[in-house]
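Reproduced below: work_3.cif, with mmCIF, C-alpha atoms and all ligand atoms.
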```
data_my_file
#
loop_
_atom_site.group_PDB
_atom_site.id
_atom_site.type_symbol
_atom_site.label_atom_id
_atom_site.label_comp_id
_atom_site.auth_asym_id
_atom_site.auth_seq_id
_atom_site.Cartn_x
_atom_site.Cartn_y
_atom_site.Cartn_z
ATOM 1 C CA MET R 1 84.950 91.873 119.454
ATOM 2 C CA GLU R 2 83.003 88.656 118.918
ATOM 3 C CA VAL R 3 84.636 85.889 116.826
ATOM 4 C CA LEU R 4 82.254 83.284 115.358
ATOM 5 C CA PRO R 5 83.940 80.363 113.533
ATOM 6 C CA LEU R 6 81.228 78.826 111.313
ATOM 7 C CA GLY R 7 81.291 75.670 109.225
ATOM 8 C CA SER R 8 80.464 76.951 105.770
ATOM 9 C CA ALA R 9 80.108 80.018 103.558
ATOM 10 C CA GLY R 10 76.349 79.314 103.581
ATOM 11 C CA GLU R 11 76.158 79.647 107.373
ATOM 12 C CA ILE R 12 78.139 82.902 107.182
ATOM 13 C CA ALA R 13 75.726 84.195 104.542
ATOM 14 C CA VAL R 14 72.755 83.454 106.825
ATOM 15 C CA LEU R 15 74.433 85.182 109.784
ATOM 16 C CA ALA R 16 75.381 88.230 107.692
ATOM 17 C CA ALA R 17 71.857 88.441 106.228
ATOM 18 C CA ASP R 18 70.335 88.115 109.722
ATOM 19 C CA THR R 19 72.624 90.927 110.949
ATOM 20 C CA VAL R 20 71.741 93.293 108.094
ATOM 21 C CA GLU R 21 68.009 92.499 108.333
ATOM 22 C CA ALA R 22 67.995 93.056 112.097
ATOM 23 C CA VAL R 23 69.497 96.520 111.627
ATOM 24 C CA VAL R 24 67.011 97.419 108.839
ATOM 25 C CA ARG R 25 64.028 96.115 110.849
ATOM 26 C CA ARG R 26 65.121 98.191 113.840
ATOM 27 C CA LYS R 27 65.855 101.242 111.681
ATOM 28 C CA PRO R 28 64.025 101.319 108.296
ATOM 29 C CA ALA R 29 66.180 104.308 107.185
ATOM 30 C CA ALA R 30 69.403 102.468 108.096
ATOM 31 C CA VAL R 31 72.729 103.309 106.459
ATOM 32 C CA LEU R 32 74.522 100.174 105.249
ATOM 33 C CA GLY R 33 78.231 100.003 104.449
ATOM 34 C CA LEU R 34 78.827 97.304 101.836
ATOM 35 C CA ALA R 35 81.996 95.477 100.830
ATOM 36 C CA THR R 36 82.661 94.352 97.290
ATOM 37 C CA GLY R 37 84.871 91.330 96.496
ATOM 38 C CA SER R 38 83.730 87.718 96.384
ATOM 39 C CA THR R 39 83.340 86.977 100.110
ATOM 40 C CA PRO R 40 80.042 88.830 100.667
ATOM 41 C CA LEU R 41 78.341 87.538 97.477
ATOM 42 C CA PRO R 42 76.587 84.598 99.224
ATOM 43 C CA ALA R 43 75.298 87.048 101.856
ATOM 44 C CA TYR R 44 73.957 89.404 99.166
ATOM 45 C CA ARG R 45 72.329 86.439 97.369
ATOM 46 C CA GLU R 46 70.719 85.360 100.672
ATOM 47 C CA LEU R 47 69.382 88.889 101.269
ATOM 48 C CA THR R 48 68.047 89.011 97.683
ATOM 49 C CA ARG R 49 66.475 85.547 98.012
ATOM 50 C CA ARG R 50 64.673 86.513 101.236
ATOM 51 C CA HIS R 51 63.534 89.826 99.773
ATOM 52 C CA GLN R 52 62.174 88.209 96.591
ATOM 53 C CA ALA R 53 60.386 85.601 98.717
ATOM 54 C CA GLY R 54 58.715 88.464 100.593
ATOM 55 C CA ALA R 55 60.447 87.466 103.813
ATOM 56 C CA GLY R 56 62.853 90.379 104.152
ATOM 57 C CA PRO R 57 62.262 93.944 105.364
ATOM 58 C CA SER R 58 61.691 96.852 102.967
ATOM 59 C CA TYR R 59 64.868 98.548 101.745
ATOM 60 C CA ALA R 60 62.972 101.539 100.358
ATOM 61 C CA GLY R 61 64.387 103.865 103.026
ATOM 62 C CA VAL R 62 67.880 102.351 103.174
ATOM 63 C CA THR R 63 71.025 104.171 102.028
ATOM 64 C CA CYS R 64 74.164 102.222 101.036
ATOM 65 C CA PHE R 65 77.800 103.302 100.836
ATOM 66 C CA ASN R 66 80.326 101.025 99.155
ATOM 67 C CA LEU R 67 83.611 100.456 100.953
ATOM 68 C CA ASP R 68 85.908 101.088 98.016
ATOM 69 C CA GLU R 69 86.117 101.335 94.226
ATOM 70 C CA TYR R 70 88.714 101.210 91.483
ATOM 71 C CA VAL R 71 89.767 104.671 90.311
ATOM 72 C CA GLY R 72 88.292 105.221 86.880
ATOM 73 C CA LEU R 73 85.051 103.434 87.823
ATOM 74 C CA ALA R 74 84.147 105.680 90.793
ATOM 75 C CA THR R 75 82.537 108.985 91.250
ATOM 76 C CA ALA R 76 84.797 111.511 92.970
ATOM 77 C CA GLY R 77 85.683 110.386 96.492
ATOM 78 C CA GLU R 78 85.972 113.739 98.171
ATOM 79 C CA ARG R 79 82.193 113.962 98.476
ATOM 80 C CA TYR R 80 81.993 110.531 100.059
ATOM 81 C CA GLU R 81 82.836 111.420 103.653
ATOM 82 C CA ALA R 82 80.400 114.344 103.533
ATOM 83 C CA LEU R 83 77.651 112.118 102.131
ATOM 84 C CA ILE R 84 78.205 109.500 104.852
ATOM 85 C CA ALA R 85 78.098 112.209 107.524
ATOM 86 C CA ALA R 86 74.960 113.722 105.965
ATOM 87 C CA ALA R 87 73.329 110.281 106.074
ATOM 88 C CA GLY R 88 73.973 110.137 109.823
ATOM 89 C CA GLY R 89 76.884 107.676 109.684
ATOM 90 C CA VAL R 90 76.966 103.966 108.811
ATOM 91 C CA ASP R 91 74.783 101.671 110.971
ATOM 92 C CA VAL R 92 76.353 98.382 109.909
ATOM 93 C CA GLN R 93 79.498 97.993 107.793
ATOM 94 C CA LEU R 94 80.097 94.670 106.088
ATOM 95 C CA LEU R 95 83.809 93.890 105.548
ATOM 96 C CA GLY R 96 85.863 91.240 103.809
ATOM 97 C CA ILE R 97 89.585 90.854 104.390
ATOM 98 C CA GLY R 98 92.435 90.394 101.937
ATOM 99 C CA ALA R 99 94.840 87.466 102.133
ATOM 100 C CA ASP R 100 97.503 89.956 103.284
ATOM 101 C CA GLY R 101 95.102 91.432 105.848
ATOM 102 C CA HIS R 102 93.969 94.487 103.878
ATOM 103 C CA LEU R 103 90.643 95.988 104.945
ATOM 104 C CA ALA R 104 88.780 97.806 102.205
ATOM 105 C CA PHE R 105 91.904 98.763 100.224
ATOM 106 C CA ASN R 106 93.906 99.794 103.273
ATOM 107 C CA GLU R 107 96.999 97.615 103.122
ATOM 108 C CA PRO R 108 98.713 96.554 106.403
ATOM 109 C CA GLY R 109 100.380 99.552 108.061
ATOM 110 C CA SER R 110 97.684 102.021 106.958
ATOM 111 C CA SER R 111 96.817 104.697 109.490
ATOM 112 C CA LEU R 112 93.939 103.919 111.836
ATOM 113 C CA ALA R 113 92.881 107.554 111.360
ATOM 114 C CA GLY R 114 92.828 107.439 107.520
ATOM 115 C CA ARG R 115 89.779 108.784 105.693
ATOM 116 C CA THR R 116 88.438 108.097 102.173
ATOM 117 C CA ARG R 117 91.298 108.640 99.704
ATOM 118 C CA ILE R 118 93.130 107.279 96.689
ATOM 119 C CA LYS R 119 95.551 104.409 97.408
ATOM 120 C CA THR R 120 97.912 102.356 95.255
ATOM 121 C CA LEU R 121 97.267 98.611 95.290
ATOM 122 C CA THR R 122 100.119 96.237 96.105
ATOM 123 C CA ALA R 123 101.189 93.759 93.428
ATOM 124 C CA GLN R 124 99.793 90.961 95.646
ATOM 125 C CA THR R 125 96.323 92.517 95.852
ATOM 126 C CA ARG R 126 96.281 93.249 92.098
ATOM 127 C CA ALA R 127 97.193 89.610 91.450
ATOM 128 C CA ASP R 128 94.522 88.386 93.916
ATOM 129 C CA ASN R 129 91.855 90.528 92.224
ATOM 130 C CA ALA R 130 92.818 89.691 88.637
ATOM 131 C CA ARG R 131 89.951 87.166 88.723
ATOM 132 C CA PHE R 132 87.470 90.057 88.533
ATOM 133 C CA PHE R 133 89.133 91.381 85.358
ATOM 134 C CA GLY R 134 90.227 89.941 82.032
ATOM 135 C CA SER R 135 93.889 89.787 83.010
ATOM 136 C CA PRO R 136 96.188 91.027 85.826
ATOM 137 C CA ARG R 137 97.268 93.959 83.632
ATOM 138 C CA GLU R 138 93.676 95.204 83.515
ATOM 139 C CA VAL R 139 93.404 95.577 87.321
ATOM 140 C CA PRO R 140 93.595 99.320 88.021
ATOM 141 C CA ALA R 141 96.673 100.329 90.033
ATOM 142 C CA HIS R 142 94.767 102.945 92.006
ATOM 143 C CA VAL R 143 91.634 102.692 94.086
ATOM 144 C CA LEU R 144 89.415 104.970 96.072
ATOM 145 C CA THR R 145 88.907 103.485 99.508
ATOM 146 C CA GLN R 146 87.301 104.354 102.773
ATOM 147 C CA GLY R 147 90.021 104.820 105.365
ATOM 148 C CA LEU R 148 90.297 102.782 108.546
ATOM 149 C CA GLY R 149 89.148 105.900 110.436
ATOM 150 C CA THR R 150 86.024 106.047 108.252
ATOM 151 C CA ILE R 151 85.352 102.338 108.778
ATOM 152 C CA LEU R 152 85.892 102.523 112.547
ATOM 153 C CA ALA R 153 83.251 105.248 112.771
ATOM 154 C CA ALA R 154 80.513 102.777 111.712
ATOM 155 C CA ARG R 155 78.270 101.763 114.613
ATOM 156 C CA HIS R 156 78.570 98.019 113.886
ATOM 157 C CA LEU R 157 81.299 96.199 111.930
ATOM 158 C CA LEU R 158 80.749 92.702 110.499
ATOM 159 C CA LEU R 159 83.929 91.226 109.004
ATOM 160 C CA ILE R 160 83.427 87.939 107.162
ATOM 161 C CA ALA R 161 86.158 85.642 105.862
ATOM 162 C CA THR R 162 85.884 82.267 104.127
ATOM 163 C CA GLY R 163 88.438 79.730 102.916
ATOM 164 C CA ALA R 164 91.865 78.579 104.043
ATOM 165 C CA GLY R 165 93.533 81.422 102.124
ATOM 166 C CA LYS R 166 92.216 83.885 104.700
ATOM 167 C CA ALA R 167 93.197 81.851 107.799
ATOM 168 C CA ASP R 168 96.547 83.576 108.443
ATOM 169 C CA ALA R 169 95.056 87.050 108.052
ATOM 170 C CA VAL R 170 92.162 86.216 110.387
ATOM 171 C CA ALA R 171 94.509 84.652 112.974
ATOM 172 C CA ALA R 172 96.795 87.709 112.933
ATOM 173 C CA CYS R 173 93.717 89.927 113.219
ATOM 174 C CA VAL R 174 92.277 88.079 116.215
ATOM 175 C CA GLU R 175 95.437 86.938 118.021
ATOM 176 C CA GLY R 176 97.821 89.782 117.144
ATOM 177 C CA PRO R 177 101.236 89.760 115.474
ATOM 178 C CA GLY R 178 103.040 87.962 118.345
ATOM 179 C CA ARG R 179 101.170 84.629 118.048
HETATM 180 C C1 LIG C 201 86.024 94.885 99.051
HETATM 181 C C2 LIG C 201 87.176 95.126 99.906
HETATM 182 C C3 LIG C 201 88.356 94.211 99.943
HETATM 183 C C4 LIG C 201 87.942 92.744 99.956
HETATM 184 C C5 LIG C 201 89.182 91.865 100.020
HETATM 185 C C6 LIG C 201 88.799 90.380 99.955
HETATM 186 O O1 LIG C 201 85.113 95.963 99.157
HETATM 187 O O2 LIG C 201 87.174 96.084 100.593
HETATM 188 O O3 LIG C 201 89.114 94.487 101.117
HETATM 189 O O4 LIG C 201 87.118 92.513 101.066
HETATM 190 O O5 LIG C 201 90.026 92.158 98.927
HETATM 191 O O6 LIG C 201 88.203 90.119 98.708
HETATM 192 P P1 LIG C 201 87.415 88.758 98.449
HETATM 193 O O7 LIG C 201 86.183 88.835 99.280
HETATM 194 O O8 LIG C 201 87.109 88.804 96.979
HETATM 195 O O9 LIG C 201 88.328 87.649 98.841
#
```
Could you spell out this file's structure in structure tokens?
Ligand code: F6R
Amino acid sequence: MEVLPLGSAGEIAVLAADTVEAVVRRKPAAVLGLATGSTPLPAYRELTRRHQAGAGPSYAGVTCFNLDEYVGLATAGERYEALIAAAGGVDVQLLGIGADGHLAFNEPGSSLAGRTRIKTLTAQTRADNARFFGSPREVPAHVLTQGLGTILAARHLLLIATGAGKADAVAACVEGPGR
């Protein structure tokens, strides 16, 4: 594991964009695993900016799999694992992290072997994500998420975290629970 503390969300966006572009340049039919949430947005904007400026690689042959989705907005999840396998597996998986340490929508304590399945969000995560909805009550209680076993099968993981609110989760992630 390589830990890179950077000074700003902009620097993280450049690093994440460089990482994704390097994979796509090396493998034009790359399979990308993409996180939703707010953390990766600057990275996606940087990738879009480079592409529109003609500086990025072609994404014509690229396949993308999203990390998770709210139930009710997603296509059926059972096909997901099969589709990932049929695509040859994920080359680079971009990840955010929740303030409580959740990865995708696997809350702390989730099995490392878990596969894509429906999970119930904690009250904390629903409150954290209310900003993407009109009100906390509108945040779906159930989500479809890749499991930690699915995520760990990607060939390259890039977890990005910004802001003081993520510091405890990142420290526990890097230093372990006994710090
Ligand atoms: C998103 C995802 C979630 C988010 C996490 C942090 O696909 O899997 O685990 O990464 O909730 O969200 P933000 O980035 O909005 O702070």
Pick from R:Ala35, R:Lys27, R:Thr48, R:Val90: nearest to Ala161 (chain R), with all atoms listed in the file counted? R:Ala35
Which protein, DNA or RNA residues have an atom within 9 Å of ligand LIG 201 (chain C), counting all atoms listed in the file, as a PyMOL selection string? chain R and resi 34-41+66-69+94-107+125+128-129+131-132+145-146+159-163+165-166
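The result of the PyMOL selection byres (((chain R and resi 2) around 10) and not hetatm) on the shown file is Met1, Val3, Leu4, Pro5, Leu158 and Val174 of chain R.
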Nearest candidate to Ile84 (chain R) (options R:Ile151, R:Ala123, R:Leu144, R:Val24; using only C-alpha atoms):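 Smallest distance to Ile84 (chain R) is found for R:Ile151.
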For this structure, which residues satisfy the selection - the PyMOL selection byres (((chain R and resi 156) around 7) and not hetatm) - when it is evaluated on the file as given? I want them as a PDB file with C-alpha atoms, in the frame of the given file.
```pdb
ATOM      1  CA  ASP R  91      74.783 101.671 110.971  1.00  0.00           C
ATOM      2  CA  VAL R  92      76.353  98.382 109.909  1.00  0.00           C
ATOM      3  CA  GLN R  93      79.498  97.993 107.793  1.00  0.00           C
ATOM      4  CA  ALA R 154      80.513 102.777 111.712  1.00  0.00           C
ATOM      5  CA  ARG R 155      78.270 101.763 114.613  1.00  0.00           C
ATOM      6  CA  LEU R 157      81.299  96.199 111.930  1.00  0.00           C
ATOM      7  CA  LEU R 158      80.749  92.702 110.499  1.00  0.00           C
TER       8      LEU R 158
END
```
Just give me the gap between CA of Val62 (chain R) and CA of Asp18 (chain R) in Å, one decimal is fine.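 For CA of Val62 (chain R) relative to CA of Asp18 (chain R), the distance reads 15.9 Å.
Nearest-residue note for Pro42 (chain R): choosing from R:Gly10, R:Pro28, R:Gly114, R:Gly89, the minimum distance belongs to R:Gly10, counting only C-alpha atoms.
Distances here use all atoms listed in the file; by that measure, the residue among R:Val14, R:Cys173, R:Leu6, R:Cys64 closest to Leu32 (chain R) is R:Cys64.
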Neighbouring residues of Arg79 (chain R) were defined as those with any atom within 12 Å, considering all atoms listed in the file; residues of the same chain fewer than 4 positions away were excluded. Please report them as number ranges by chain. R: 65, 74-75, 83-86, 115-117, 144, 146
Quick one, how far is CA of Glu175 (chain R) from CA of Ser110 (chain R)?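 According to the coordinates, CA of Glu175 (chain R) and CA of Ser110 (chain R) are separated by 18.8 Å.
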Would you list the contacts of Val143 (chain R) as a VMD selection string, taking every protein, DNA or RNA residue within 6 Å and counting only C-alpha atoms, but skipping same-chain residues closer than 6 positions in sequence? chain R and resid 69 to 71 118 to 119
How far is it from CA of Ala130 (chain R) to CA of Arg45 (chain R), in Å with one decimal? 22.5 Å
From the list R:Arg26, R:Gly33, R:Ala141, R:Ala113, which residue is nearest Ala87 (chain R) when using all atoms listed in the file?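 Using all atoms listed in the file, the shortest distance to Ala87 (chain R) belongs to R:Gly33.
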12 Å contact set for Glu46 (chain R), all atoms listed in the file, chain neighbours under 4 positions out, as a list in words: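 Once the nearby chain positions are removed, what remains is Ala9, Gly10, Glu11, Ile12, Ala13, Val14, Leu15, Ala16, Ala17, Asp18, Thr19, Val20, Glu21, Pro40, Leu41, Pro42, Arg50, His51, Gln52, Ala53, Ala55 and Gly56 of chain R.
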Got a minute to add N, CA and C atoms to region 79-102 of chain R and dump it as a compact mmCIF listing (two decimals), keeping the file's coordinate frame?
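Below is the file part-v5.txt, written as the result:
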```txt
# COMPACT_ATOMS: atom_id res chain seq x y z
N ARG R 79 83.56 113.72 97.98
CA ARG R 79 82.19 113.96 98.48
C ARG R 79 81.73 112.84 99.41
N TYR R 80 82.47 111.73 99.39
CA TYR R 80 81.99 110.53 100.06
C TYR R 80 81.82 110.71 101.57
N GLU R 81 82.89 111.24 102.20
CA GLU R 81 82.84 111.42 103.65
C GLU R 81 81.67 112.33 104.03
N ALA R 82 81.48 113.40 103.24
CA ALA R 82 80.40 114.34 103.53
C ALA R 82 79.04 113.67 103.37
N LEU R 83 78.93 112.81 102.35
CA LEU R 83 77.65 112.12 102.13
C LEU R 83 77.35 111.14 103.27
N ILE R 84 78.40 110.43 103.73
CA ILE R 84 78.20 109.50 104.85
C ILE R 84 77.76 110.27 106.09
N ALA R 85 78.45 111.40 106.35
CA ALA R 85 78.10 112.21 107.52
C ALA R 85 76.67 112.73 107.39
N ALA R 86 76.30 113.18 106.17
CA ALA R 86 74.96 113.72 105.96
C ALA R 86 73.90 112.65 106.15
N ALA R 87 74.28 111.39 105.90
CA ALA R 87 73.33 110.28 106.07
C ALA R 87 73.24 109.86 107.53
N GLY R 88 74.03 110.47 108.39
CA GLY R 88 73.97 110.14 109.82
C GLY R 88 74.95 109.07 110.23
N GLY R 89 75.90 108.72 109.36
CA GLY R 89 76.88 107.68 109.68
C GLY R 89 76.38 106.29 109.30
N VAL R 90 77.31 105.33 109.25
CA VAL R 90 76.97 103.97 108.81
C VAL R 90 76.49 103.14 110.02
N ASP R 91 75.33 102.49 109.88
CA ASP R 91 74.78 101.67 110.97
C ASP R 91 75.47 100.32 111.05
N VAL R 92 75.64 99.67 109.91
CA VAL R 92 76.35 98.38 109.91
C VAL R 92 77.25 98.35 108.68
N GLN R 93 78.53 98.05 108.88
CA GLN R 93 79.50 97.99 107.79
C GLN R 93 79.94 96.55 107.61
N LEU R 94 79.65 96.01 106.44
CA LEU R 94 80.10 94.67 106.09
C LEU R 94 81.51 94.76 105.53
N LEU R 95 82.40 93.88 105.99
CA LEU R 95 83.81 93.89 105.55
C LEU R 95 84.26 92.51 105.14
N GLY R 96 85.08 92.43 104.08
CA GLY R 96 85.86 91.24 103.81
C GLY R 96 87.27 91.52 104.30
N ILE R 97 88.18 90.62 104.02
CA ILE R 97 89.58 90.85 104.39
C ILE R 97 90.46 90.24 103.30
N GLY R 98 91.53 90.93 102.95
CA GLY R 98 92.44 90.39 101.94
C GLY R 98 93.34 89.32 102.53
N ALA R 99 93.94 88.53 101.66
CA ALA R 99 94.84 87.47 102.13
C ALA R 99 96.02 88.06 102.89
N ASP R 100 96.41 89.30 102.55
CA ASP R 100 97.50 89.96 103.28
C ASP R 100 96.99 90.80 104.43
N GLY R 101 95.69 90.72 104.72
CA GLY R 101 95.10 91.43 105.85
C GLY R 101 94.53 92.79 105.48
N HIS R 102 94.51 93.15 104.18
CA HIS R 102 93.97 94.49 103.88
C HIS R 102 92.48 94.55 104.18
```
